[in-house]
Each structure stands twice: as C-alpha cells, then as structure tokens.
file final.cif (mmCIF, C-alpha atoms)
data_coords
#
loop_
_atom_site.label_atom_id
_atom_site.label_comp_id
_atom_site.auth_asym_id
_atom_site.auth_seq_id
_atom_site.Cartn_x
_atom_site.Cartn_y
_atom_site.Cartn_z
CA MET A 132 -28.77 2.74 -11.03
CA VAL A 133 -25.69 0.73 -10.17
CA VAL A 134 -23.63 2.47 -12.82
CA TYR A 135 -24.18 5.84 -11.13
CA GLY A 136 -22.32 4.59 -8.08
CA VAL A 137 -19.47 3.25 -10.19
CA ALA A 138 -19.37 6.49 -12.18
CA LEU A 139 -19.27 8.57 -8.99
CA LEU A 140 -16.41 6.41 -7.73
CA SER A 141 -14.58 6.87 -11.04
CA PHE A 142 -15.15 10.61 -10.96
CA CYS A 143 -13.72 10.86 -7.43
CA MET A 144 -10.66 8.81 -8.36
CA LEU A 145 -9.90 10.74 -11.56
CA ALA A 146 -10.44 14.10 -9.88
CA GLY A 147 -8.22 13.05 -6.95
CA VAL A 148 -5.40 11.74 -9.13
CA PHE A 149 -5.56 14.87 -11.28
CA LEU A 150 -5.29 17.13 -8.22
CA GLY A 151 -2.53 14.92 -6.79
CA ARG A 152 -0.51 15.19 -10.00
CA LEU A 153 -1.15 18.91 -10.20
CA LEU A 154 0.08 19.28 -6.63
CA GLY A 155 3.17 17.25 -7.56
CA TYR A 156 3.77 19.46 -10.59
CA LEU A 157 3.43 22.62 -8.50
CA LEU A 158 5.91 21.22 -5.97
CA GLY A 159 8.29 20.38 -8.80
CA ILE A 160 8.23 16.59 -8.49
CA ASP A 161 7.09 14.00 -10.99
CA ALA A 162 4.78 12.19 -8.60
CA ASN A 163 1.18 11.98 -7.53
CA VAL A 164 1.00 13.67 -4.10
CA GLY A 165 -1.85 12.08 -2.19
CA GLY A 166 -4.21 11.84 -5.15
CA ILE A 167 -5.94 8.76 -3.83
CA GLY A 168 -6.29 10.33 -0.39
CA ILE A 169 -7.89 13.38 -2.01
CA ALA A 170 -10.21 11.05 -3.97
CA MET A 171 -11.24 9.34 -0.72
CA LEU A 172 -11.94 12.68 0.95
CA LEU A 173 -14.01 13.74 -2.06
CA LEU A 174 -16.11 10.56 -1.91
CA ILE A 175 -16.61 10.93 1.85
CA PHE A 176 -17.59 14.57 1.37
CA ILE A 177 -20.13 13.79 -1.37
CA ALA A 178 -21.55 10.78 0.48
CA ASN A 179 -22.11 12.79 3.65
CA LYS A 180 -23.45 15.94 2.06
CA LYS A 181 -27.14 16.36 2.68
CA ASN A 182 -29.62 18.10 0.38
CA THR A 183 -27.51 18.17 -2.75
CA ALA A 184 -28.33 17.45 -6.34
CA ILE A 185 -26.46 14.17 -5.99
CA LYS A 186 -28.62 11.57 -4.31
CA ILE A 187 -26.98 8.23 -3.72
CA ASP A 188 -29.82 5.70 -3.71
CA ALA A 189 -29.57 2.05 -2.70
CA SER A 190 -28.70 0.69 -6.14
CA SER A 191 -26.03 3.36 -6.67
CA LYS A 192 -24.59 2.40 -3.30
CA SER A 193 -24.36 -1.22 -4.39
CA GLY A 194 -22.14 -0.08 -7.28
CA ILE A 195 -19.69 1.41 -4.81
CA ASN A 196 -20.00 -1.41 -2.31
CA PHE A 197 -19.19 -3.97 -4.99
CA TRP A 198 -15.74 -2.42 -5.44
CA ASN A 199 -15.38 -2.08 -1.71
CA ALA A 200 -16.00 -5.83 -1.43
CA MET A 201 -13.56 -6.54 -4.28
CA TYR A 202 -10.85 -4.90 -2.21
CA ILE A 203 -9.41 -8.06 -0.66
CA PRO A 204 -9.39 -10.10 -3.92
CA ILE A 205 -7.62 -7.17 -5.60
CA VAL A 206 -5.08 -7.10 -2.78
CA VAL A 207 -4.48 -10.84 -3.29
CA ALA A 208 -3.87 -10.18 -7.00
CA MET A 209 -1.57 -7.31 -5.98
CA ALA A 210 0.43 -9.71 -3.78
CA ALA A 211 0.72 -12.17 -6.70
CA LYS A 212 2.28 -9.53 -8.96
CA GLN A 213 4.94 -8.29 -6.53
CA ASN A 214 8.56 -8.65 -7.51
CA VAL A 215 9.28 -11.06 -4.64
CA LEU A 216 12.32 -12.48 -6.40
CA ALA A 217 14.01 -9.07 -6.55
CA ALA A 218 13.21 -8.46 -2.90
CA ILE A 219 14.80 -11.74 -1.86
CA SER A 220 17.82 -11.35 -4.13
CA GLY A 221 18.58 -7.86 -2.74
CA GLY A 222 21.11 -9.37 -0.34
CA TRP A 223 21.85 -8.80 3.32
CA MET A 224 21.87 -5.01 3.25
CA ALA A 225 18.38 -4.81 1.71
CA LEU A 226 17.09 -7.43 4.13
CA THR A 227 18.60 -5.71 7.18
CA ALA A 228 17.25 -2.30 6.14
CA GLY A 229 13.79 -3.67 5.31
CA VAL A 230 13.42 -5.67 8.53
CA LEU A 231 14.72 -2.86 10.76
CA VAL A 232 12.50 -0.23 9.16
CA VAL A 233 9.37 -2.35 9.53
CA PHE A 234 9.95 -3.37 13.14
CA LEU A 235 11.01 0.05 14.39
CA SER A 236 8.00 1.60 12.60
CA PHE A 237 5.69 -0.96 14.22
CA ILE A 238 7.11 0.04 17.61
CA ALA A 239 6.62 3.73 16.81
CA VAL A 240 2.84 3.31 16.26
CA PRO A 241 1.81 2.99 19.95
CA ILE A 242 4.45 5.58 20.95
CA LEU A 243 3.03 8.24 18.59
CA HIS A 244 -0.46 7.25 19.68
CA LYS A 245 0.41 7.82 23.36
CA LEU A 246 2.22 11.09 22.68
CA SER A 247 -0.70 12.52 20.71
CA LYS A 248 -3.27 11.42 23.30
CA SER A 249 -1.29 12.80 26.24
CA LYS A 250 -0.98 16.19 24.55
CA GLU A 251 -4.75 16.45 24.31
CA HIS A 252 -5.25 16.12 28.05
CA MET B 72 -6.65 -28.68 -27.73
CA ILE B 73 -4.20 -27.25 -25.18
CA ASP B 74 -3.60 -24.29 -27.49
CA ILE B 75 -7.32 -23.56 -27.68
CA PHE B 76 -7.53 -23.80 -23.88
CA ASN B 77 -4.55 -21.46 -23.37
CA ASN B 78 -5.83 -19.00 -25.95
CA THR B 79 -9.18 -18.86 -24.22
CA LEU B 80 -7.50 -17.98 -20.94
CA ILE B 81 -5.03 -15.51 -22.46
CA SER B 82 -7.51 -13.62 -24.62
CA ASN B 83 -9.87 -13.17 -21.64
CA SER B 84 -7.12 -12.27 -19.20
CA ILE B 85 -9.05 -10.26 -16.61
CA ILE B 86 -11.84 -12.85 -16.49
CA THR B 87 -9.21 -15.55 -16.00
CA ALA B 88 -7.81 -13.45 -13.15
CA PHE B 89 -11.24 -13.21 -11.46
CA LEU B 90 -11.57 -16.99 -11.55
CA PHE B 91 -7.99 -17.55 -10.43
CA ILE B 92 -8.18 -15.13 -7.49
CA GLY B 93 -11.52 -16.66 -6.51
CA VAL B 94 -9.96 -20.13 -6.40
CA VAL B 95 -6.90 -18.89 -4.44
CA THR B 96 -9.18 -17.12 -1.95
CA TYR B 97 -11.43 -20.17 -1.54
CA PHE B 98 -8.42 -22.40 -0.99
CA SER B 99 -6.97 -19.93 1.55
CA TYR B 100 -10.18 -19.71 3.56
CA TRP B 101 -10.38 -23.50 3.50
CA ILE B 102 -6.84 -23.71 4.95
CA SER B 103 -7.72 -21.04 7.51
CA LYS B 104 -10.79 -22.96 8.71
CA ASN B 105 -9.58 -26.54 8.54
CA LEU B 106 -5.85 -26.33 9.21
CA THR B 107 -5.53 -23.35 11.56
CA GLY B 108 -8.97 -23.55 13.18
CA GLY B 109 -9.64 -19.96 12.13
CA LEU B 110 -6.60 -18.74 14.06
CA ILE B 111 -4.94 -17.22 10.99
CA HIS B 112 -7.37 -15.19 8.90
CA GLY B 113 -8.17 -16.46 5.39
CA SER B 114 -7.17 -13.19 3.73
CA ALA B 115 -3.76 -13.28 5.47
CA ILE B 116 -3.18 -16.75 4.02
CA ALA B 117 -4.40 -15.62 0.59
CA ILE B 118 -1.91 -12.72 0.60
CA VAL B 119 1.00 -14.96 1.61
CA LEU B 120 -0.06 -17.50 -1.00
CA GLY B 121 -0.13 -14.66 -3.56
CA LEU B 122 3.43 -13.69 -2.59
CA VAL B 123 4.62 -17.32 -2.88
CA LEU B 124 3.04 -17.56 -6.34
CA ALA B 125 4.71 -14.25 -7.23
CA TYR B 126 8.06 -15.75 -6.22
CA ILE B 127 7.44 -18.85 -8.34
CA GLY B 128 6.35 -16.66 -11.26
CA GLY B 129 9.55 -14.66 -10.90
CA LEU B 130 11.66 -17.84 -10.91
CA LEU B 131 9.90 -19.25 -13.99
CA GLU B 132 9.70 -16.09 -16.10
CA GLY B 133 12.52 -13.94 -14.74
CA GLY B 134 10.40 -10.80 -15.05
CA THR B 135 9.50 -8.12 -12.55
CA LYS B 136 5.74 -8.68 -12.16
CA GLY B 137 5.75 -12.02 -10.33
CA LEU B 138 3.02 -14.37 -11.46
CA ALA B 139 1.66 -11.75 -13.86
CA ASP B 140 4.63 -12.29 -16.19
CA MET B 141 3.17 -15.68 -17.15
CA PRO B 142 0.93 -15.02 -20.17
CA ILE B 143 -2.11 -16.85 -18.77
CA PHE B 144 -1.89 -14.77 -15.56
CA ALA B 145 -1.43 -11.40 -17.27
CA GLY B 146 -4.88 -10.42 -15.99
CA VAL B 147 -3.67 -10.82 -12.40
CA GLY B 148 -1.24 -8.01 -13.16
CA ILE B 149 -4.06 -5.75 -14.33
CA LEU B 150 -6.41 -6.66 -11.47
CA GLY B 151 -3.59 -6.27 -8.94
CA GLY B 152 -2.09 -3.18 -10.58
CA ALA B 153 -2.17 0.33 -9.16
CA MET B 154 -5.32 1.31 -11.11
CA PHE B 155 -7.69 -1.29 -9.66
CA ARG B 156 -5.96 -1.24 -6.28
CA ASP B 157 -6.50 2.51 -5.96
CA PHE B 158 -10.07 2.24 -7.26
CA ALA B 159 -10.90 -0.32 -4.56
CA ILE B 160 -9.12 1.78 -1.92
CA VAL B 161 -11.25 4.81 -2.83
CA ALA B 162 -14.36 2.60 -2.58
CA THR B 163 -13.44 1.62 0.99
CA ALA B 164 -13.74 5.29 1.95
CA PHE B 165 -17.51 4.99 1.49
CA GLY B 166 -17.83 3.48 4.97
CA VAL B 167 -15.68 6.08 6.70
CA ASP B 168 -16.90 7.99 9.73
CA ILE B 169 -15.98 11.67 9.35
CA ARG B 170 -15.62 12.13 13.13
CA ASN B 171 -12.83 9.53 13.27
CA LEU B 172 -11.11 11.20 10.37
CA LYS B 173 -11.24 14.64 11.96
CA GLU B 174 -10.06 13.33 15.32
CA ALA B 175 -6.95 11.71 13.84
CA GLY B 176 -6.36 14.21 11.04
CA PHE B 177 -3.60 16.15 12.74
CA ILE B 178 -1.64 13.24 14.17
CA GLY B 179 -2.14 11.44 10.84
CA SER B 180 -0.42 14.28 8.97
CA VAL B 181 2.37 14.44 11.54
CA SER B 182 2.91 10.70 11.26
CA ILE B 183 3.42 10.95 7.47
CA VAL B 184 6.32 13.41 7.76
CA PHE B 185 7.71 11.64 10.81
CA GLY B 186 7.37 8.28 9.03
CA VAL B 187 9.24 9.44 5.92
CA VAL B 188 12.14 10.93 7.92
CA PHE B 189 12.27 8.00 10.37
CA SER B 190 12.33 5.32 7.64
CA PHE B 191 14.82 7.34 5.64
CA LEU B 192 17.23 7.68 8.56
CA ILE B 193 17.07 3.97 9.40
CA GLY B 194 17.76 3.07 5.76
CA ALA B 195 20.59 5.60 5.57
CA LEU B 196 22.20 4.26 8.78
CA VAL B 197 22.05 0.69 7.48
CA ALA B 198 23.63 1.82 4.17
CA LEU B 199 26.37 3.56 6.16
CA SER B 200 27.03 0.49 8.30
CA PHE B 201 27.28 -1.66 5.16
CA GLY B 202 30.13 0.51 3.92
CA TYR B 203 28.46 3.07 1.66
CA THR B 204 30.25 6.39 2.03
CA ASP B 205 28.89 8.67 -0.71
CA ALA B 206 25.90 10.88 0.04
CA ILE B 207 24.04 9.95 -3.17
CA SER B 208 24.06 6.19 -2.48
CA ILE B 209 23.17 6.64 1.19
CA THR B 210 20.28 8.98 0.30
CA THR B 211 18.97 6.63 -2.41
CA ILE B 212 18.99 3.60 -0.11
CA GLY B 213 17.40 5.65 2.68
CA ALA B 214 14.70 6.73 0.22
CA GLY B 215 14.12 3.08 -0.69
CA ALA B 216 13.43 2.41 2.98
CA ALA B 217 10.53 4.86 2.64
CA THR B 218 8.89 3.09 -0.32
CA TYR B 219 10.06 1.28 -3.44
CA ILE B 220 8.84 4.26 -5.47
CA VAL B 221 10.61 6.97 -3.45
CA GLY B 222 13.91 5.04 -3.85
CA PRO B 223 14.18 5.04 -7.65
CA VAL B 224 12.63 8.54 -7.97
CA THR B 225 15.30 9.89 -5.62
CA GLY B 226 18.09 7.82 -7.15
CA THR B 227 17.22 9.03 -10.64
CA ALA B 228 17.03 12.65 -9.50
CA LEU B 229 20.47 12.40 -7.89
CA SER B 230 21.99 10.25 -10.71
CA ALA B 231 22.78 7.31 -8.44
CA SER B 232 24.24 4.13 -9.97
CA THR B 233 21.79 1.52 -11.29
CA GLU B 234 23.01 -1.02 -8.70
CA VAL B 235 22.18 1.35 -5.87
CA ILE B 236 18.78 2.15 -7.39
CA ALA B 237 18.03 -1.59 -7.72
CA LEU B 238 19.07 -2.03 -4.09
CA SER B 239 16.76 0.78 -2.97
CA VAL B 240 13.87 -0.93 -4.77
CA ALA B 241 14.74 -4.20 -3.01
CA VAL B 242 14.68 -2.48 0.40
CA GLY B 243 11.25 -0.99 -0.37
CA LEU B 244 9.91 -4.32 -1.63
CA ILE B 245 11.05 -6.14 1.52
CA LYS B 246 9.37 -3.45 3.60
CA SER B 247 6.14 -3.74 1.64
CA ILE B 248 6.07 -7.55 1.80
CA LEU B 249 6.91 -7.66 5.52
CA VAL B 250 4.16 -5.16 6.33
CA MET B 251 1.65 -7.29 4.38
CA ILE B 252 2.66 -10.47 6.21
CA MET B 253 3.43 -9.21 9.73
CA THR B 254 0.66 -6.65 10.36
CA PRO B 255 -2.08 -9.14 11.38
CA PHE B 256 0.27 -10.69 13.95
CA ILE B 257 1.69 -7.44 15.33
CA ALA B 258 -1.66 -5.59 15.37
CA PRO B 259 -2.83 -6.79 18.82
CA ILE B 260 0.57 -5.92 20.37
CA ILE B 261 0.67 -2.35 19.04
CA LYS B 262 -3.09 -1.87 19.64
CA LEU B 263 -3.85 -1.43 15.95
CA ASP B 264 -7.59 -1.93 16.41
CA ASN B 265 -9.14 1.53 15.93
CA PRO B 266 -9.31 4.22 13.21
CA TYR B 267 -7.04 6.53 15.20
CA SER B 268 -4.05 4.17 15.35
CA ALA B 269 -4.80 2.95 11.80
CA MET B 270 -4.17 6.50 10.52
CA ILE B 271 -0.90 6.70 12.47
CA PHE B 272 0.03 3.25 11.17
CA GLY B 273 -0.60 4.27 7.53
CA GLY B 274 1.47 7.41 7.96
CA LEU B 275 4.39 5.61 9.59
CA MET B 276 4.54 2.64 7.20
CA GLY B 277 3.70 4.54 4.05
CA THR B 278 3.87 1.63 1.63
CA THR B 279 0.39 1.66 0.08
CA SER B 280 0.62 -2.00 -0.98
CA GLY B 281 1.92 -3.07 2.43
CA VAL B 282 -0.68 -1.10 4.36
CA ALA B 283 -3.47 -2.18 1.99
CA GLY B 284 -2.52 -5.85 2.35
CA GLY B 285 -1.66 -5.75 6.04
CA LEU B 286 -4.87 -4.04 7.13
CA ALA B 287 -7.01 -6.20 4.83
CA ALA B 288 -5.76 -9.23 6.71
CA THR B 289 -6.13 -7.51 10.11
CA ASN B 290 -9.51 -5.76 9.93
CA PRO B 291 -10.94 -4.52 6.61
CA LYS B 292 -12.83 -1.75 8.48
CA LEU B 293 -9.49 -0.06 9.24
CA VAL B 294 -8.36 -0.04 5.59
CA PRO B 295 -9.65 3.43 4.57
CA TYR B 296 -8.05 5.12 7.60
CA GLY B 297 -4.62 3.55 7.04
CA ALA B 298 -4.80 4.01 3.27
CA MET B 299 -5.77 7.67 3.65
CA THR B 300 -2.42 8.60 5.22
CA ALA B 301 -0.37 6.00 3.35
CA THR B 302 -1.40 7.39 -0.04
CA PHE B 303 0.14 10.76 0.84
CA TYR B 304 3.40 9.21 2.02
CA THR B 305 5.06 8.42 -1.32
CA GLY B 306 4.42 11.97 -2.55
CA VAL B 307 5.90 13.48 0.61
CA GLY B 308 8.84 11.07 0.31
CA CYS B 309 9.51 12.06 -3.31
CA LEU B 310 9.42 15.67 -2.15
CA LEU B 311 11.72 15.39 0.89
CA ALA B 312 14.26 12.68 -0.01
CA PRO B 313 16.03 14.25 -3.04
CA SER B 314 15.96 17.73 -1.47
CA VAL B 315 16.06 18.35 2.30
CA LEU B 316 17.10 14.85 3.30
CA PHE B 317 19.84 14.68 0.66
CA LEU B 318 21.25 18.02 1.86
CA LEU B 319 21.16 16.71 5.42
CA ILE B 320 23.13 13.57 4.48
CA ASP B 321 25.48 15.58 2.27
CA PHE B 322 26.16 17.93 5.19
CA PHE B 323 27.16 15.14 7.58
CA ILE B 324 29.17 13.01 5.12
#
call {"tool": "encode", "arguments": {"input": "final.cif", "output": "structure tokens"}}
result
Amino acid sequence: MVVYGVALLSFCMLAGVFLGRLLGYLLGIDANVGGIGIAMLLLIFIANKKNTAIKIDASSKSGINFWNAMYIPIVVAMAAKQNVLAAISGGWMALTAGVLVVFLSFIAVPILHKLSKSKEH
Amino acid sequence: MIDIFNNTLISNSIITAFLFIGVVTYFSYWISKNLTGGLIHGSAIAIVLGLVLAYIGGLLEGGTKGLADMPIFAGVGILGGAMFRDFAIVATAFGVDIRNLKEAGFIGSVSIVFGVVFSFLIGALVALSFGYTDAISITTIGAGAATYIVGPVTGTALSASTEVIALSVAVGLIKSILVMIMTPFIAPIIKLDNPYSAMIFGGLMGTTSGVAGGLAATNPKLVPYGAMTATFYTGVGCLLAPSVLFLLIDFFI
C-alpha cells in the first residue's frame, strides 16, 4: 500500500531528527546534528536490506517516489519563502562576504576532489 | 465575492500552494523551452522566479518569510518550510547507490569540517577588513558565512549585538541564494557531475537550502549525495563556531 511507503519515510525522518537532536544535546548544543543525513542513511539501509520483515513492494515504493518527485516543487516553494529582502539590505559587508565565500568554495570543490583522488593512487 | 474567493484560498492554504507552485513551474518550463531554447533548465528559472517573488513579498509585507507572509500564500511557507523540504530530501535518498556513498564517505566528512572552517575564516577576514575589531562580532559574522543558522546560534551564545546577528543572517542568506542561482552555471566548470564531487560540494557549501536548490537545477540525481553532507554541516558549524573557532579568533585579536 502507498501509505506504507509514506509511513516508512516518516519513520526514517522522525528517527533521524530524534537522533540528530540527541547528538546535539550530548555535544551540548541546541541544534540538530545531521538528523536528516541520518534519516537518509536509515532509508538507504532499509531499502537495501534483503530478507527482512520489511518488504517494500511496488505500491509502497510509489509512496516514497511521490515525495521524491515533489522535491523540486518544494524547493521552488522554499525559494519563494526566503528572506531575500533582508539578504539584499545587508549592505556591502554582507554582500562581499557572501559572494567571496560562495566563489572560493566553488573553486575548492575540484581542488578537494583532486587531492582526495591523488591520495588513493 | 472577492472575500469569498480570498477566504477559499486562505482556508485551504496548502492546496493553494500546490496550485500556485504548479503554475510557477509550468510558466518557468515554458520560458525555458520557448525563450532560452532549453539552454537554462526550467527548475533553475522556477527557483529564480521564486526568489524574485520572495523579494516582492518582502517589499509588500515587510516580513521575514518572503511571499509566504502574504495571507493567501501562507501555504507556500508550509510547503517550502524545513519540514517538507527535509521530508523530500530524505525521499531522494531512495535512489542512492550505496557504493557511491561508501566511496565518497571519507572525503565527504573531511569536506564538512574543512567547509565550516574555510567559510568561517573568509567571513571573519571580511568582517575584519570592514573594520570590526572585537572577537565576538568577527566570530558571529564568520559563523554567518557558514550558514544563516550557525550565525545567529553563535551570536546568541556569545551575546553579540543584534545588529551583528542580523548581519550574520544576511551573509548566510546571500550565500544560500547565490548557491541556488549559480550552481547550475558553475557545475560544468568545477566538474560537479558525479556523486563523488556532489558529496564534496555539499560538505563545502553546507547551506541545505542552497545545495538543495542548486543541485535540483543542475541534476536532481545528485541531490541526495550533496544533501547528505550538507545536512551535517549546520550541526558541525554550531559546534565549532562558538567554541574552537571563537577561541582561535579571540587568541589572534
């Protein structure tokens, strides 16, 4: 049933966020440390586990894939609720810092990639 | 008549949001196909259009949630809020190949810590060059250069002034918005076309919204890999910025 897929997705997210918050609490910070990443790992783990009590049949899959497909529309809604006005009215310092950080980080992507690949060989 | 119309939209806010986002997306794909000949991807246009609407919403309502501050678009705020965003991000993991994840796991983790420190230092240097001389303000602005959540969390922990905290949020917002807009154009140059570099990318950028939007417009298949590392970033930032990184700045100032 479709709802099984959605329920599994919900379970993974709630479990992940709980563990993320718990991790944050143990580290002494009021933040969710990687909860969504943990939720993703949990879903991947369950989806790839063979011979378990949890069988994800085709209709359950469609419940997960629906939300996967809703990803881009949700991102568009996310863009429409950003505080763009505050970003623009942050002045020159905010603009300089934001632009520099983004461009230098872009440049760092292929550099880290090369470094990590060359270490392997 | 108009009241009945508005009430219908307001009292069914999420449904209104579904329709609205559908129309925006359709319009964006139409522009992509007919005005850019498919050169600029429809989802990239939709995201930019969303940001423009957010700006207009901010001008009209003076709130902090862009378009979602207008009562008839309140549902856009729910649909685009952290809850649904994270739910959809988790769903993208369903298509992930474990081998790719294992291969890039180590460098992905390294890139998160490197990304936090790197962004922080750039932000701190800019704050310094703009005349900030106290360690608390410099740290808070540096933290904002990590993400717009790390900034205020750090600022509050260190009792920074509200102006500096607002500034750190602005830095993080600019970062997030730029990553959303620029990623599809920069991706071919920095070879962001495989799961391995997507995990490094997520760890270096760290802004979940920026990475989520930027990769969606670049190649949706890369989303789970980038999001995986990006979702750890804010937590690591909140851990490092008010502690180790503050002590570092305090030591040199």
call {"tool": "resolve_selection", "arguments": {"input": "final.cif", "expression": "the PyMOL selection byres ((chain A and resi 234) around 10)", "output": "PyMOL selection string"}}
result
(chain A and resi 229-233+235-239) or (chain B and resi 246+249-250+253+257)
call {"tool": "resolve_selection", "arguments": {"input": "final.cif", "expression": "the PyMOL selection byres ((chain B and resi 295-297) around 8)", "output": "list in words"}}
result
Ile160, Val161, Thr163, Ala164, Val167, Leu172, Pro266, Tyr267, Ala269, Met270, Ile271, Phe272, Gly273, Gly274, Val282, Ala283, Leu286, Lys292, Leu293, Val294, Ala298, Met299, Thr300 and Ala301 of chain B
call {"tool": "resolve_selection", "arguments": {"input": "final.cif", "expression": "the PyMOL selection byres ((chain B and resi 192) around 10)", "output": "list of chain:residue names"}}
result
A:Val232, B:Gly186, B:Val187, B:Val188, B:Phe189, B:Ser190, B:Phe191, B:Ile193, B:Gly194, B:Ala195, B:Leu196, B:Val197, B:Ala198, B:Ile209, B:Thr210, B:Ile212, B:Gly213, B:Ala214, B:Ala216, B:Ala217, B:Leu316, B:Ile320
call {"tool": "axis_aligned_box", "arguments": {"input": "final.cif", "around": "region 172-191 of chain B", "padding_each_side": "5 Å", "output": "AutoDock Vina command-line options"}}
result
--center_x 1.8 --center_y 10.7 --center_z 10.5 --size_x 36.1 --size_y 20.8 --size_z 19.7
call {"tool": "atom_distance", "arguments": {"input": "final.cif", "atom1": "CA of Leu138 (chain B)", "atom2": "CA of Pro223 (chain B)"}}
result
22.7 Å
call {"tool": "atom_distance", "arguments": {"input": "final.cif", "atom1": "CA of Met132 (chain A)", "atom2": "CA of Ser190 (chain A)"}}
result
5.3 Å
call {"tool": "atom_distance", "arguments": {"input": "final.cif", "atom1": "CA of Asp157 (chain B)", "atom2": "CA of Ile261 (chain B)"}}
result
26.5 Å
call {"tool": "residues_around", "arguments": {"input": "final.cif", "residues": "Arg152 (chain A)", "least_positions_apart": "6", "cutoff": "12 Å", "atoms": "all atoms listed in the file", "output": "number ranges by chain"}}
result
A: 145-146, 158-167, 169; B: 303, 306
call {"tool": "closest_residue", "arguments": {"input": "final.cif", "among": "B:Met72, B:Ala159, B:Ile248, B:Ala228", "to": "Pro291 (chain B)", "atoms": "only C-alpha atoms"}}
result
B:Ala159
call {"tool": "residues_around", "arguments": {"input": "final.cif", "residues": "Ile169 (chain B)", "least_positions_apart": "5", "cutoff": "10 Å", "atoms": "only C-alpha atoms", "output": "list of chain:residue names"}}
result
A:Leu172, A:Ile175, A:Phe176, A:Asn179, B:Glu174
call {"tool": "residues_around", "arguments": {"input": "final.cif", "residues": "Ala138 (chain A)", "least_positions_apart": "4", "cutoff": "10 Å", "atoms": "only C-alpha atoms", "output": "PyMOL selection string"}}
result
chain A and resi 133-134+142-144+191+194-195
call {"tool": "closest_residue", "arguments": {"input": "final.cif", "among": "B:Ala312, B:Ile178, B:Leu124, B:Gly202", "to": "Leu243 (chain A)", "atoms": "only C-alpha atoms"}}
result
B:Ile178
call {"tool": "closest_residue", "arguments": {"input": "final.cif", "among": "B:Ala162, B:Ser230, B:Gly93, B:Asp205", "to": "Ala170 (chain A)", "atoms": "only C-alpha atoms"}}
result
B:Ala162
